[in-house]
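Input: a single structure, listed below in structure tokens.
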Amino acid sequence: MPQASKPNFEAAKKILTAYLENKGLRKTPERFAILEEIYTREDHFDVDELYISMKNKRYRVSRATVYNTLDVLVDCDLVTKHQFGKNLAQFEKSYGNKQHDHLICTDCHKVMEFCDPRIQSIQNMVGEMLNFSVMHHSLIFYGNCTKENCQNRNEIPRETSAAYEDR
């Protein structure tokens, strides 16, 4: 089993503890187990993937606990929630992650990350020009893989990608 990046996970635990205490919420072992599971991941995930992963590791958590904990983790900025498609929210850890943007394949829904420092430069320039303090941004490119031998494009039925086509 991969381990959470120790410094990032320990810092995230402290942030979560302070947040829960400040809000008067309980510090349950399930919340911290979910946090650790998220911080061992290197990918984007949806609620069901996280729930199944927790169950497969014999954690006794309900789907409702996963949903509620994700809400808390998003609220205290330890997890970022993305709405890449029509009805499927995906999440990723945010503490200790560098700023990045996303490419989404409309055939197989694969999420790819990229980082280009020019985007940060544009963000800074726009903020300065408009006297606006930009806190963060989200940039998502939707498209299709152009590789001739893209196995994902050939394996996914067309109706699956229909949710992305009426944009």
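Letters for chains follow the order of the structure tokens (A, B, ...), residue numbers begin at 1 for each chain, and ligand numbers begin at 1 in the order shown.
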I'd like a table as JSON lines: residues in region 4-65 of chain A with an atom no more than 10 Å from region 78-89 of chain A, each row giving the shortest atom pair and its distance in Å to one decimal, only C-alpha atoms counted, sorted by chain and rising residue number.
{"residue": "A:Phe9", "atom": "CA", "partner": "A:Leu78", "partner_atom": "CA", "distance": 9.9}
{"residue": "A:Ala11", "atom": "CA", "partner": "A:Leu78", "partner_atom": "CA", "distance": 9.9}
{"residue": "A:Ala12", "atom": "CA", "partner": "A:Leu78", "partner_atom": "CA", "distance": 6.6}
{"residue": "A:Lys13", "atom": "CA", "partner": "A:Leu78", "partner_atom": "CA", "distance": 9.3}
{"residue": "A:Ile15", "atom": "CA", "partner": "A:Leu78", "partner_atom": "CA", "distance": 8.1}
{"residue": "A:Leu16", "atom": "CA", "partner": "A:Leu78", "partner_atom": "CA", "distance": 7.9}
{"residue": "A:Leu35", "atom": "CA", "partner": "A:Leu78", "partner_atom": "CA", "distance": 8.6}
{"residue": "A:Ile38", "atom": "CA", "partner": "A:Val79", "partner_atom": "CA", "distance": 8.4}
{"residue": "A:Tyr39", "atom": "CA", "partner": "A:Val79", "partner_atom": "CA", "distance": 9.3}
{"residue": "A:His44", "atom": "CA", "partner": "A:His82", "partner_atom": "CA", "distance": 9.1}
{"residue": "A:Phe45", "atom": "CA", "partner": "A:Ala89", "partner_atom": "CA", "distance": 8.5}
{"residue": "A:Asp46", "atom": "CA", "partner": "A:Ala89", "partner_atom": "CA", "distance": 6.1}
{"residue": "A:Val47", "atom": "CA", "partner": "A:Ala89", "partner_atom": "CA", "distance": 7.8}
* Asked: Counting only C-alpha atoms, what is within 7 Å of Tyr142 (chain A), bar same-chain residues fewer than 5 positions away, as number ranges by chain?
  -> A: 103-106
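Here CA of Phe141 (chain A) is placed at a distance of 16.3 Å from CA of Gln120 (chain A).
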* Asked: Expressed in Å to a single decimal, how great is the separation between CA of Arg63 (chain A) and CA of Glu36 (chain A)?
  ->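 Those two atoms sit 16.6 Å apart.
Once Arg31 (chain A) and its same-chain neighbours fewer than 2 positions away are set aside, Lys27, Thr28, Pro29, Ala33, Ile34, Leu35, Glu36, Thr65, Val66, Thr69 and Leu70 of chain A remain within 9 Å of it when counting only C-alpha atoms.
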